[in-house]
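Student: Got a file for you: structure.txt, compact mmCIF, C-alpha atoms.
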# COMPACT_ATOMS: atom_id res chain seq x y z
CA ARG A 1 -2.39 -79.63 -9.97
CA ALA A 2 -5.90 -80.87 -9.61
CA TRP A 3 -7.25 -77.33 -9.74
CA GLU A 4 -6.25 -77.05 -13.43
CA LYS A 5 -8.29 -80.14 -14.25
CA ILE A 6 -11.29 -78.75 -12.37
CA LEU A 7 -11.09 -75.49 -14.35
CA VAL A 8 -11.04 -77.42 -17.62
CA VAL A 9 -14.38 -78.94 -16.67
CA ARG A 10 -15.78 -75.94 -14.74
CA PRO A 11 -14.02 -72.70 -15.92
CA GLU A 12 -16.46 -70.60 -13.88
CA ASP A 13 -15.33 -72.24 -10.58
CA THR A 14 -13.94 -69.19 -8.74
CA GLU A 15 -12.71 -71.28 -5.79
CA ALA A 16 -10.60 -73.47 -8.04
CA ARG A 17 -9.30 -70.45 -9.95
CA SER A 18 -8.34 -68.63 -6.76
CA ALA A 19 -6.57 -71.70 -5.37
CA LEU A 20 -4.60 -72.19 -8.59
CA GLU A 21 -3.60 -68.54 -8.67
CA GLY A 22 -2.35 -68.79 -5.09
CA TRP A 23 -0.30 -71.85 -5.92
CA ALA A 24 1.17 -70.29 -9.08
CA ALA A 25 2.12 -67.12 -7.18
CA ARG A 26 3.85 -69.14 -4.43
CA GLU A 27 5.72 -71.23 -6.98
CA GLU A 28 6.44 -68.13 -9.13
CA ASP A 29 4.90 -69.93 -12.09
CA TRP A 30 4.29 -66.74 -14.05
CA GLU A 31 3.20 -68.46 -17.25
CA THR A 32 0.36 -70.26 -15.48
CA LEU A 33 -0.62 -67.07 -13.69
CA LYS A 34 -0.50 -65.14 -16.96
CA SER A 35 -2.77 -67.61 -18.69
CA LEU A 36 -5.24 -67.47 -15.79
CA PHE A 37 -5.34 -63.67 -15.92
CA GLU A 38 -5.74 -63.60 -19.69
CA GLU A 39 -8.58 -66.10 -19.58
CA GLU A 40 -10.48 -64.02 -17.08
CA ALA A 41 -9.53 -60.53 -18.27
CA PRO A 42 -12.34 -59.91 -20.79
CA GLY A 43 -15.05 -60.01 -18.15
CA ALA A 44 -13.04 -58.85 -15.16
CA ASP A 45 -13.90 -55.95 -12.90
CA ILE A 46 -11.63 -52.91 -12.56
CA ASP A 47 -9.66 -54.24 -9.59
CA ARG A 48 -8.89 -57.44 -11.50
CA VAL A 49 -7.85 -55.53 -14.60
CA MET A 50 -5.49 -53.39 -12.48
CA GLU A 51 -4.09 -56.51 -10.82
CA VAL A 52 -3.34 -58.01 -14.24
CA ALA A 53 -1.65 -54.77 -15.36
CA GLU A 54 0.49 -54.72 -12.24
CA PHE A 55 1.42 -58.38 -12.77
CA ARG A 56 2.47 -57.71 -16.36
CA GLU A 57 4.68 -54.82 -15.27
CA GLN A 58 6.28 -56.28 -12.16
CA LYS A 59 6.54 -59.99 -12.97
CA LEU A 60 6.73 -60.15 -16.75
CA GLY A 61 8.42 -56.82 -17.46
CA ASP A 62 5.74 -56.21 -20.09
CA ARG A 63 5.53 -52.42 -20.02
CA GLN A 64 3.32 -52.14 -23.06
CA GLY A 65 0.93 -54.82 -21.78
CA ALA A 66 0.84 -53.12 -18.40
CA LEU A 67 0.07 -49.77 -20.05
CA GLU A 68 -2.74 -51.25 -22.11
CA GLY A 69 -4.21 -52.87 -19.02
CA ALA A 70 -3.98 -49.65 -17.00
CA LYS A 71 -5.62 -47.74 -19.86
CA ARG A 72 -8.45 -50.27 -19.95
CA ALA A 73 -8.98 -49.92 -16.19
CA PHE A 74 -9.00 -46.13 -16.46
CA GLU A 75 -11.49 -46.17 -19.33
CA MET A 76 -13.77 -48.44 -17.30
CA GLN A 77 -13.94 -45.87 -14.46
CA PRO A 78 -12.29 -42.53 -15.33
CA GLY A 79 -13.05 -41.17 -11.87
CA HIS A 80 -11.28 -44.04 -10.09
CA ARG A 81 -8.31 -42.57 -8.20
CA ARG A 82 -6.06 -45.63 -8.23
CA ALA A 83 -6.81 -46.31 -11.88
CA LEU A 84 -5.64 -42.82 -12.80
CA GLN A 85 -2.54 -43.10 -10.64
CA ALA A 86 -1.48 -46.36 -12.25
CA TYR A 87 -2.23 -45.20 -15.81
CA GLN A 88 -0.60 -41.81 -15.28
CA ARG A 89 2.54 -43.33 -13.76
CA LEU A 90 2.99 -45.74 -16.67
CA LEU A 91 2.44 -42.97 -19.21
CA GLU A 92 5.01 -40.73 -17.55
CA ASN A 93 7.50 -43.60 -17.26
CA GLN A 94 7.32 -43.94 -21.04
CA GLY A 95 7.53 -40.19 -21.63
CA LEU A 96 3.94 -39.93 -22.84
CA TYR A 97 3.31 -36.65 -21.04
CA GLN A 98 0.62 -35.29 -23.35
CA GLN A 99 -1.45 -38.44 -22.83
CA ALA A 100 -0.86 -38.17 -19.06
CA VAL A 101 -2.20 -34.60 -19.08
CA SER A 102 -5.21 -35.68 -21.13
CA ALA A 103 -5.95 -38.49 -18.67
CA ILE A 104 -5.78 -36.07 -15.73
CA LEU A 105 -8.23 -33.71 -17.43
CA VAL A 106 -10.65 -36.56 -18.12
CA HIS A 107 -10.37 -37.64 -14.48
CA VAL A 108 -11.19 -34.21 -13.01
CA LYS A 109 -14.48 -34.16 -14.92
CA HIS A 110 -15.65 -36.98 -12.65
CA LEU A 111 -14.61 -35.36 -9.36
CA LYS A 112 -16.80 -33.46 -6.94
CA ASP A 113 -14.06 -32.48 -4.49
CA ARG A 114 -12.76 -29.01 -5.46
CA GLY A 115 -9.56 -29.46 -3.50
CA GLU A 116 -8.74 -32.69 -5.32
CA SER A 117 -9.53 -31.10 -8.67
CA ALA A 118 -7.22 -28.20 -7.85
CA SER A 119 -4.25 -30.48 -7.17
CA HIS A 120 -4.84 -32.33 -10.47
CA TYR A 121 -4.96 -29.10 -12.45
CA GLN A 122 -1.77 -27.94 -10.76
CA TYR A 123 0.04 -31.14 -11.70
CA ALA A 124 -1.30 -31.09 -15.25
CA ALA A 125 0.00 -27.53 -15.59
CA TYR A 126 3.36 -28.59 -14.15
CA LEU A 127 3.72 -31.38 -16.74
CA THR A 128 2.61 -29.05 -19.52
CA GLU A 129 5.17 -26.40 -18.59
CA THR A 130 8.15 -28.54 -17.59
CA LYS A 131 7.80 -31.65 -19.75
CA LEU A 132 5.99 -30.32 -22.81
CA GLY A 133 7.53 -26.84 -22.68
CA ASP A 134 4.22 -25.11 -23.32
CA ARG A 135 3.92 -22.11 -20.99
CA GLU A 136 0.77 -20.75 -22.58
CA ALA A 137 -1.10 -24.05 -22.30
CA ALA A 138 0.06 -24.43 -18.69
CA LEU A 139 -1.30 -20.95 -17.95
CA ILE A 140 -4.67 -21.86 -19.44
CA LEU A 141 -4.81 -25.00 -17.29
CA LEU A 142 -4.07 -22.99 -14.16
CA ARG A 143 -6.83 -20.53 -14.99
CA ARG A 144 -9.24 -23.43 -15.53
CA GLY A 145 -8.18 -24.91 -12.21
CA PHE A 146 -8.89 -21.67 -10.41
CA ALA A 147 -12.22 -21.17 -12.18
CA GLU A 148 -13.37 -24.59 -10.98
CA SER A 149 -11.86 -24.56 -7.49
CA GLN A 150 -11.99 -20.83 -6.59
CA ASP A 151 -8.72 -21.49 -4.74
CA ASP A 152 -6.73 -18.28 -5.15
CA ILE A 153 -3.92 -19.36 -2.85
CA ALA A 154 -3.30 -22.50 -4.92
CA PHE A 155 -3.43 -20.83 -8.33
CA GLY A 156 -2.84 -17.08 -7.96
CA PRO A 157 0.96 -17.09 -7.52
CA GLU A 158 1.51 -19.58 -10.35
CA VAL A 159 -0.75 -17.70 -12.74
CA ALA A 160 1.15 -14.51 -11.92
CA ARG A 161 4.46 -16.29 -12.56
CA LEU A 162 3.41 -17.57 -15.98
CA THR A 163 1.50 -14.51 -17.17
CA GLU A 164 3.73 -12.38 -19.40
CA THR A 165 1.96 -10.33 -22.04
CA GLU A 166 -0.62 -7.60 -21.53
CA ASP A 167 -3.28 -9.71 -23.24
CA GLU A 168 -2.52 -12.61 -20.92
CA TRP A 169 -2.84 -10.31 -17.91
CA ARG A 170 -6.23 -9.14 -19.18
CA ASP A 171 -7.37 -12.75 -19.58
CA SER A 172 -6.14 -13.67 -16.09
CA VAL A 173 -7.84 -10.64 -14.58
CA ALA A 174 -11.06 -11.53 -16.39
CA VAL A 175 -11.05 -15.03 -14.83
CA TRP A 176 -10.51 -13.62 -11.34
CA ARG A 177 -13.13 -10.91 -11.86
CA LYS A 178 -15.70 -13.50 -12.91
CA ALA A 179 -14.92 -15.55 -9.80
CA PHE A 180 -15.23 -12.49 -7.56
CA ARG A 181 -18.62 -11.65 -9.04
CA LYS A 182 -19.69 -15.26 -8.64
CA SER A 183 -18.88 -14.99 -4.94
CA LYS A 184 -21.10 -11.88 -4.77
CA GLY A 185 -18.20 -9.87 -3.39
CA LYS A 186 -17.59 -12.24 -0.48
CA ASP A 187 -14.28 -13.78 -1.56
CA VAL A 188 -11.75 -11.42 0.01
CA GLN A 189 -8.65 -13.33 -1.13
CA THR A 190 -9.78 -13.31 -4.76
CA ALA A 191 -10.55 -9.60 -4.50
CA LEU A 192 -7.07 -8.86 -3.15
CA ARG A 193 -5.42 -10.73 -6.01
CA LEU A 194 -7.69 -9.08 -8.56
CA ALA A 195 -6.95 -5.63 -7.14
CA ALA A 196 -3.19 -6.24 -7.14
CA TRP A 197 -3.24 -7.29 -10.81
CA THR A 198 -5.56 -4.45 -11.75
CA ALA A 199 -3.25 -1.89 -10.14
CA GLY A 200 0.06 -3.45 -11.17
CA PRO A 201 0.16 -5.10 -14.61
CA LEU A 202 -2.93 -3.29 -15.93
CA GLY A 203 -2.08 0.05 -14.28
CA LYS A 204 -5.69 0.85 -13.33
CA ALA A 205 -5.24 2.41 -9.91
CA LYS A 206 -8.77 3.80 -9.67
CA ALA A 207 -10.40 0.43 -10.34
CA ALA A 208 -7.99 -1.23 -7.91
CA LYS A 209 -8.92 1.24 -5.18
CA LYS A 210 -12.59 0.33 -5.58
CA LEU A 211 -11.76 -3.34 -5.20
CA TYR A 212 -9.69 -2.73 -2.07
CA GLN A 213 -12.54 -0.63 -0.70
CA GLN A 214 -14.90 -3.55 -1.30
CA VAL A 215 -12.55 -5.70 0.73
CA LEU A 216 -12.61 -3.19 3.59
CA ASP A 217 -16.39 -2.96 3.43
CA ARG A 218 -16.43 -6.66 4.30
CA ASP A 219 -13.30 -6.70 6.48
CA PRO A 220 -12.49 -3.20 7.86
CA LYS A 221 -9.20 -4.37 9.38
CA ASN A 222 -7.82 -6.14 6.31
CA LEU A 223 -4.16 -5.15 6.42
CA PRO A 224 -3.17 -6.00 2.82
CA ALA A 225 -5.98 -3.79 1.50
CA ILE A 226 -5.10 -0.91 3.84
CA ARG A 227 -1.41 -1.09 2.96
CA GLN A 228 -2.08 -1.14 -0.76
CA LEU A 229 -4.48 1.79 -0.51
CA LEU A 230 -1.70 3.71 1.21
CA VAL A 231 0.59 3.01 -1.75
CA LEU A 232 -2.08 3.91 -4.32
CA SER A 233 -2.87 7.15 -2.48
CA ALA A 234 0.72 8.41 -2.43
CA GLU A 235 -0.21 11.62 -4.26
CA ARG A 236 -3.29 12.30 -2.14
CA PRO A 237 -2.24 13.16 1.41
CA ARG A 238 -5.78 13.41 2.78
CA GLN A 239 -6.54 9.90 1.57
CA GLN A 240 -3.25 8.75 3.05
CA VAL A 241 -4.29 10.19 6.40
CA ARG A 242 -7.49 8.13 6.20
CA TRP A 243 -5.63 4.89 5.51
CA LEU A 244 -3.00 5.63 8.14
CA GLU A 245 -5.81 6.05 10.65
CA ALA A 246 -7.16 2.65 9.57
CA LEU A 247 -3.68 1.14 9.87
CA ALA A 248 -3.25 2.61 13.37
CA VAL A 249 -6.37 0.66 14.39
CA ALA A 250 -5.79 -2.58 12.45
CA ALA A 251 -2.04 -3.10 12.80
CA PRO A 252 -1.22 -6.15 14.92
CA THR A 253 1.74 -4.66 16.81
CA VAL A 254 2.17 -1.61 18.98
CA GLU A 255 5.21 -0.57 16.96
CA GLU A 256 3.35 -0.64 13.64
CA ARG A 257 0.50 1.39 15.11
CA TYR A 258 3.04 3.88 16.46
CA VAL A 259 4.71 4.23 13.06
CA ALA A 260 1.32 4.80 11.40
CA CYS A 261 0.57 7.64 13.82
CA LYS A 262 4.01 9.13 13.24
CA ARG A 263 3.52 9.04 9.47
CA LYS A 264 0.13 10.71 9.87
CA ALA A 265 1.63 13.51 11.98
CA ALA A 266 4.34 14.06 9.35
CA LEU A 267 1.65 14.33 6.64
CA TYR A 268 -0.27 16.89 8.66
CA GLU A 269 2.87 18.97 9.18
CA ALA A 270 4.64 18.70 5.81
CA ARG A 271 1.90 18.27 3.20
CA LEU A 272 -1.35 19.53 4.69
CA GLY A 273 -0.08 22.48 6.70
CA ALA A 274 -2.16 21.36 9.70
CA HIS A 275 0.53 22.25 12.22
CA ARG A 276 -1.71 22.18 15.28
CA LYS A 277 -3.01 18.69 14.45
CA ALA A 278 0.52 17.53 13.81
CA LEU A 279 1.69 18.89 17.16
CA GLU A 280 -1.21 17.29 19.02
CA LEU A 281 -0.42 13.94 17.44
CA TYR A 282 3.29 14.19 18.14
CA GLU A 283 2.49 15.00 21.77
CA ALA A 284 0.15 12.01 21.96
CA ILE A 285 2.71 9.51 20.68
CA ASP A 286 5.79 10.98 22.37
CA ARG A 287 7.57 8.38 24.49
CA PRO A 288 9.84 10.06 27.07
CA GLU A 289 11.25 6.71 28.15
CA ALA A 290 12.31 5.92 24.56
CA PRO A 291 12.83 9.24 22.76
CA ASP A 292 12.39 9.12 18.99
CA PRO A 293 14.38 11.78 17.05
CA GLU A 294 11.64 12.02 14.39
CA VAL A 295 8.97 12.70 17.00
CA LEU A 296 11.20 15.17 18.87
CA ASN A 297 11.94 17.09 15.68
CA GLY A 298 8.21 17.11 14.90
CA LEU A 299 7.53 18.53 18.37
CA LEU A 300 10.29 21.10 17.87
CA LYS A 301 8.73 22.35 14.62
CA GLY A 302 5.30 22.46 16.22
CA TYR A 303 6.44 24.41 19.29
CA ARG A 304 8.32 26.88 17.12
CA LYS A 305 5.22 27.42 14.96
CA ALA A 306 3.17 27.91 18.12
CA LYS A 307 5.90 30.15 19.64
CA ASN A 308 5.98 27.91 22.70
CA ARG A 309 9.46 28.78 23.99
CA GLU A 310 9.33 26.52 27.01
CA GLY A 311 8.22 23.55 24.93
CA GLU A 312 10.89 24.30 22.36
CA ALA A 313 13.62 24.48 25.00
CA ALA A 314 12.47 21.26 26.68
CA VAL A 315 12.57 19.38 23.38
CA LEU A 316 16.01 20.78 22.53
CA GLU A 317 17.33 19.52 25.88
CA ARG A 318 15.95 16.05 25.12
CA LEU A 319 17.49 16.15 21.64
CA TRP A 320 20.82 17.17 23.16
CA ASN A 321 20.69 14.18 25.50
CA ILE A 322 20.39 11.67 22.65
CA ALA A 323 22.42 13.48 19.98
CA PRO A 324 25.92 12.36 18.93
CA GLY A 325 28.72 14.73 19.92
CA SER A 326 28.99 16.25 16.45
CA GLN A 327 25.40 17.57 16.66
CA ARG A 328 25.37 18.85 20.20
CA ALA A 329 26.94 22.25 19.50
CA ALA A 330 24.10 23.21 17.13
CA ILE A 331 21.51 22.14 19.71
CA SER A 332 23.25 24.17 22.43
CA LEU A 333 23.12 27.21 20.14
CA GLY A 334 19.39 26.62 19.74
CA LEU A 335 18.97 26.48 23.50
CA ALA A 336 20.97 29.67 23.81
CA ASP A 337 18.60 31.38 21.40
CA CYS A 338 15.57 30.15 23.37
CA ALA A 339 17.03 31.57 26.59
CA ARG A 340 17.77 34.90 24.89
CA ARG A 341 14.23 35.25 23.62
CA ALA A 342 12.93 34.37 27.07
CA LYS A 343 15.26 37.11 28.45
CA ARG A 344 17.13 34.62 30.61
CA LEU A 345 20.55 36.03 29.87
CA ASP A 346 22.50 33.97 32.37
CA GLU A 347 21.14 30.75 30.82
CA HIS A 348 21.82 32.25 27.41
CA VAL A 349 25.48 32.74 28.30
CA GLY A 350 25.73 29.26 29.78
CA PHE A 351 24.46 27.61 26.60
CA LEU A 352 26.78 29.74 24.46
CA LEU A 353 29.76 28.66 26.51
CA ARG A 354 28.65 25.04 26.28
CA ALA A 355 28.31 25.39 22.50
CA ARG A 356 31.83 26.80 22.27
CA ALA A 357 33.20 23.89 24.29
CA GLU A 358 31.40 21.51 21.94
CA GLY A 359 33.09 23.06 18.90
CA ALA A 360 30.58 25.61 17.63
CA PRO A 361 32.00 28.04 15.02
CA SER A 362 33.60 31.01 16.78
CA PRO A 363 31.55 33.83 15.14
CA ARG A 364 28.29 32.15 16.16
CA VAL A 365 29.42 32.21 19.78
CA SER A 366 31.66 35.23 20.27
CA GLU A 367 29.34 37.91 18.90
CA PRO A 368 26.20 36.96 20.88
CA LEU A 369 28.41 36.33 23.92
CA GLU A 370 29.78 39.90 23.78
CA VAL A 371 26.25 41.28 23.59
CA ALA A 372 25.13 39.19 26.54
CA TYR A 373 28.15 40.17 28.70
CA SER A 374 27.51 43.82 27.89
CA ARG A 375 23.85 43.61 28.91
CA LEU A 376 24.77 41.77 32.09
CA LYS A 377 27.54 44.28 32.73
CA ARG A 378 30.02 41.47 33.15
CA TRP A 379 32.93 43.63 32.07
CA GLU A 380 35.72 41.26 33.03
CA GLU A 381 34.37 38.44 30.85
CA LEU A 382 33.76 40.98 28.10
CA ALA A 383 37.33 42.22 28.32
CA GLY A 384 38.64 38.64 28.33
Go ahead and render the structure in this file as structure tokens.
Tutor:
Amino acid sequence: RAWEKILVVRPEDTEARSALEGWAAREEDWETLKSLFEEEAPGADIDRVMEVAEFREQKLGDRQGALEGAKRAFEMQPGHRRALQAYQRLLENQGLYQQAVSAILVHVKHLKDRGESASHYQYAAYLTETKLGDREAALILLRRGFAESQDDIAFGPEVARLTETEDEWRDSVAVWRKAFRKSKGKDVQTALRLAAWTAGPLGKAKAAKKLYQQVLDRDPKNLPAIRQLLVLSAERPRQQVRWLEALAVAAPTVEERYVACKRKAALYEARLGAHRKALELYEAIDRPEAPDPEVLNGLLKGYRKAKNREGEAAVLERLWNIAPGSQRAAISLGLADCARRAKRLDEHVGFLLRARAEGAPSPRVSEPLEVAYSRLKRWEELAG
């Protein structure tokens, strides 16, 4: 062990020290290695200090010594990623969660990467909620994380989960509002979250509408904003028509655009009294190859309002073709009435007979049938 003798004479000889360390590690002479580390530790750099801490933990089982060494390394360079990881792990292993959270918060002050800061705030909040049992403090950490990172997707759902009281909702909304203003109205995701909280927990529909409108000013096809404006405009059919028109343009699927048009036609017919517009829209979206009962009934109402007997009869025939058996008798009676008003008595009789065969109530068939036979002078059928 000539290297030991050399170090006695020349303790600054790094070559001799390194060689002796290598020998001690190979021979698993932990006491020699420990003494070498302790001799050098006061003036060591951060990597050396971390190496000593790791040695104490893994080879000597000295948890407290390892923790002290990791703390020293962290204090030397609080922004050092590996130093934090080692110190944080040892703290958590000993159940020192409050100190672990404090170390994380010191570390993030030295970071420039927003994404990295966000993940640290998330974990600090997780420890605070689950290990320390402090929901309110965890919520504050999440708000701080969002304020620094502007990452709504990372923090929005968790803030919503932890926010309980009205005052807490106001504070959360205030943080998101400040971030939205800081973005000069450009951060669409933050605006959507802010609008949802403003409308929901705070119950300020008017303010929420303005926020959603700001989103659409920047992104006219933003589906979440359009859909929420539809919900918030439930009592204002004209506004709903506007947002349904926007949805019919922005929706990603043909089916969703079709449903938006159908809802708009129903609004025109039922709530705005614009029967002609409703009929025009129903005609535009009608799909003969895939008949839709809602559209056909909308057409039926429109043709009746317009006194379009041929259109009414054609729609009734299509309804009859897709109707279950229990509903066909009523449709046949409707067709019979159309034929009567069009003075096509033979067709009128035919539909009445079909309705009877389908189980229509006897008085609704027999009386008009007698009148029709009389007018057609079909005395034998009348007598029968």
Student: In Å, how far is it from CA of Pro291 (chain A) to CA of Ala329 (chain A)?
Tutor: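 CA of Ala329 (chain A) lies at a distance of 19.5 Å from CA of Pro291 (chain A).
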Student: Please report the interatomic distance between CA of Ala274 (chain A) and CA of Lys301 (chain A) in Å with one decimal.
Tutor: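 So the answer is 12.0 Å.
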Student: Just how far from CA of Ala225 (chain A) is CA of Gly156 (chain A), in Å to one decimal?
Tutor: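 Between these atoms lies a distance of 16.6 Å.
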Student: Find the residues around Asn297 (chain A) up to 9 Å (all atoms listed in the file counted), leave out those fewer than 5 positions away in its own chain, and share them as a PyMOL selection string.
Tutor: chain A and resi 292+302+315-316+319
Student: Find the residues with any atom within 9 Å of (6.4, -33.5, -21.4); use all atoms listed in the file and the coordinates as given in the file, and write the answer as a list in words.
Tutor: Glu92, Gly95, Leu96, Tyr97, Gln98, Ala100, Val101, Leu127, Thr128, Glu129, Thr130, Lys131, Leu132, Gly133 and Asp134 of chain A
Student: Please provide as a compact mmCIF listing (two decimals) with C-alpha atoms, in the coordinates of the input all residues within 12 Å of Glu166 (chain A), with the sequence filter that same-chain residues fewer than 5 positions apart are discarded (counting all atoms listed in the file).
Tutor:
# COMPACT_ATOMS: atom_id res chain seq x y z
CA ALA A 160 1.15 -14.51 -11.92
CA ASP A 171 -7.37 -12.75 -19.58
CA SER A 172 -6.14 -13.67 -16.09
CA VAL A 173 -7.84 -10.64 -14.58
CA TRP A 197 -3.24 -7.29 -10.81
CA THR A 198 -5.56 -4.45 -11.75
CA GLY A 200 0.06 -3.45 -11.17
CA PRO A 201 0.16 -5.10 -14.61
CA LEU A 202 -2.93 -3.29 -15.93
CA GLY A 203 -2.08 0.05 -14.28
Student: Could you pull the residues within 12 Å of Val371 (chain A), counting all atoms listed in the file, minus those fewer than 6 positions along the same chain, as a tab-separated table (two decimals) with C-alpha atoms, in the coordinates of the input?
Tutor:
chain	number	residue	atom	x	y	z
A	340	ARG	CA	17.77	34.90	24.89
A	345	LEU	CA	20.55	36.03	29.87
A	348	HIS	CA	21.82	32.25	27.41
A	349	VAL	CA	25.48	32.74	28.30
A	352	LEU	CA	26.78	29.74	24.46
A	364	ARG	CA	28.29	32.15	16.16
A	365	VAL	CA	29.42	32.21	19.78
A	377	LYS	CA	27.54	44.28	32.73
A	378	ARG	CA	30.02	41.47	33.15
A	379	TRP	CA	32.93	43.63	32.07
A	381	GLU	CA	34.37	38.44	30.85
A	382	LEU	CA	33.76	40.98	28.10
Student: Draw an axis-aligned box over all listed atoms of region 85-104 of chain A, pad each side with 4 Å, and write its centre and edge lengths in Å, one decimal, as AutoDock Vina command-line options.
Tutor:
--center_x 0.8 --center_y -40.5 --center_z -17.0 --size_x 21.5 --size_y 19.8 --size_z 20.7
Student: Identify which of the residues A:Arg318, A:Lys109, A:Arg238, A:Arg375 lies closest to Leu299 (chain A), counting only C-alpha atoms when measuring atom-to-atom distances.
Tutor: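 Selected residue with least distance to Leu299 (chain A): A:Arg318.
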Student: Compile the contact shell of region 187-190 of chain A as a short mmCIF file (atom, residue, chain, number, x, y, z; two decimals) with C-alpha atoms, keeping the file's coordinate frame: residues with an atom at most 10 Å away, counting only C-alpha atoms, same-chain residues fewer than 3 positions apart removed.
Tutor:
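Ended up saving to out-v1.cif:
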data_model
loop_
_atom_site.label_atom_id
_atom_site.label_comp_id
_atom_site.auth_asym_id
_atom_site.auth_seq_id
_atom_site.Cartn_x
_atom_site.Cartn_y
_atom_site.Cartn_z
CA GLN A 150 -11.99 -20.83 -6.59
CA ASP A 151 -8.72 -21.49 -4.74
CA ASP A 152 -6.73 -18.28 -5.15
CA ILE A 153 -3.92 -19.36 -2.85
CA GLY A 156 -2.84 -17.08 -7.96
CA TRP A 176 -10.51 -13.62 -11.34
CA ARG A 177 -13.13 -10.91 -11.86
CA ALA A 179 -14.92 -15.55 -9.80
CA PHE A 180 -15.23 -12.49 -7.56
CA ARG A 181 -18.62 -11.65 -9.04
CA LYS A 182 -19.69 -15.26 -8.64
CA SER A 183 -18.88 -14.99 -4.94
CA LYS A 184 -21.10 -11.88 -4.77
CA ARG A 193 -5.42 -10.73 -6.01
CA LEU A 194 -7.69 -9.08 -8.56
CA ALA A 195 -6.95 -5.63 -7.14
CA ALA A 196 -3.19 -6.24 -7.14
CA LEU A 211 -11.76 -3.34 -5.20
CA TYR A 212 -9.69 -2.73 -2.07
CA GLN A 214 -14.90 -3.55 -1.30
CA VAL A 215 -12.55 -5.70 0.73
CA LEU A 216 -12.61 -3.19 3.59
CA ARG A 218 -16.43 -6.66 4.30
CA ASP A 219 -13.30 -6.70 6.48
CA ASN A 222 -7.82 -6.14 6.31
CA PRO A 224 -3.17 -6.00 2.82
CA ALA A 225 -5.98 -3.79 1.50
#
Student: So which residues touch Arg276 (chain A) within 12 Å, counting all atoms listed in the file, skipping near sequence neighbours fewer than 2 positions away, as number ranges by chain?
Tutor: A: 265-266, 268-270, 272-274, 278-283, 298-299, 301-307
Student: Would you fill out region 263-267 of chain A with all heavy atoms and return it as an mmCIF file, keeping the file's coordinate frame?
Tutor:
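selection.cif, written as the output of this step:
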data_model
loop_
_atom_site.group_PDB
_atom_site.id
_atom_site.type_symbol
_atom_site.label_atom_id
_atom_site.label_comp_id
_atom_site.auth_asym_id
_atom_site.auth_seq_id
_atom_site.Cartn_x
_atom_site.Cartn_y
_atom_site.Cartn_z
ATOM 1 N N ARG A 263 3.641 8.663 10.882
ATOM 2 C CA ARG A 263 3.520 9.040 9.470
ATOM 3 C C ARG A 263 2.362 10.016 9.267
ATOM 4 O O ARG A 263 2.460 10.957 8.464
ATOM 5 C CB ARG A 263 3.303 7.793 8.618
ATOM 6 C CG ARG A 263 4.525 6.913 8.462
ATOM 7 C CD ARG A 263 4.201 5.680 7.636
ATOM 8 N NE ARG A 263 3.788 6.039 6.269
ATOM 9 C CZ ARG A 263 3.336 5.153 5.389
ATOM 10 N NH1 ARG A 263 3.200 3.875 5.736
ATOM 11 N NH2 ARG A 263 2.984 5.537 4.166
ATOM 12 N N LYS A 264 1.276 9.805 9.996
ATOM 13 C CA LYS A 264 0.130 10.710 9.870
ATOM 14 C C LYS A 264 0.497 12.108 10.355
ATOM 15 O O LYS A 264 0.158 13.119 9.714
ATOM 16 C CB LYS A 264 -1.055 10.165 10.660
ATOM 17 C CG LYS A 264 -2.339 10.984 10.476
ATOM 18 C CD LYS A 264 -3.543 10.296 11.080
ATOM 19 C CE LYS A 264 -3.522 10.330 12.575
ATOM 20 N NZ LYS A 264 -4.817 9.944 13.179
ATOM 21 N N ALA A 265 1.209 12.204 11.463
ATOM 22 C CA ALA A 265 1.630 13.510 11.980
ATOM 23 C C ALA A 265 2.536 14.213 10.979
ATOM 24 O O ALA A 265 2.410 15.427 10.758
ATOM 25 C CB ALA A 265 2.363 13.321 13.313
ATOM 26 N N ALA A 266 3.440 13.462 10.339
ATOM 27 C CA ALA A 266 4.340 14.060 9.350
ATOM 28 C C ALA A 266 3.560 14.589 8.146
ATOM 29 O O ALA A 266 3.893 15.646 7.587
ATOM 30 C CB ALA A 266 5.373 13.031 8.906
ATOM 31 N N LEU A 267 2.501 13.861 7.742
ATOM 32 C CA LEU A 267 1.650 14.330 6.640
ATOM 33 C C LEU A 267 0.944 15.624 7.005
ATOM 34 O O LEU A 267 0.885 16.570 6.206
ATOM 35 C CB LEU A 267 0.618 13.260 6.288
ATOM 36 C CG LEU A 267 1.031 12.144 5.338
ATOM 37 C CD1 LEU A 267 -0.074 11.119 5.235
ATOM 38 C CD2 LEU A 267 1.339 12.715 3.957
#
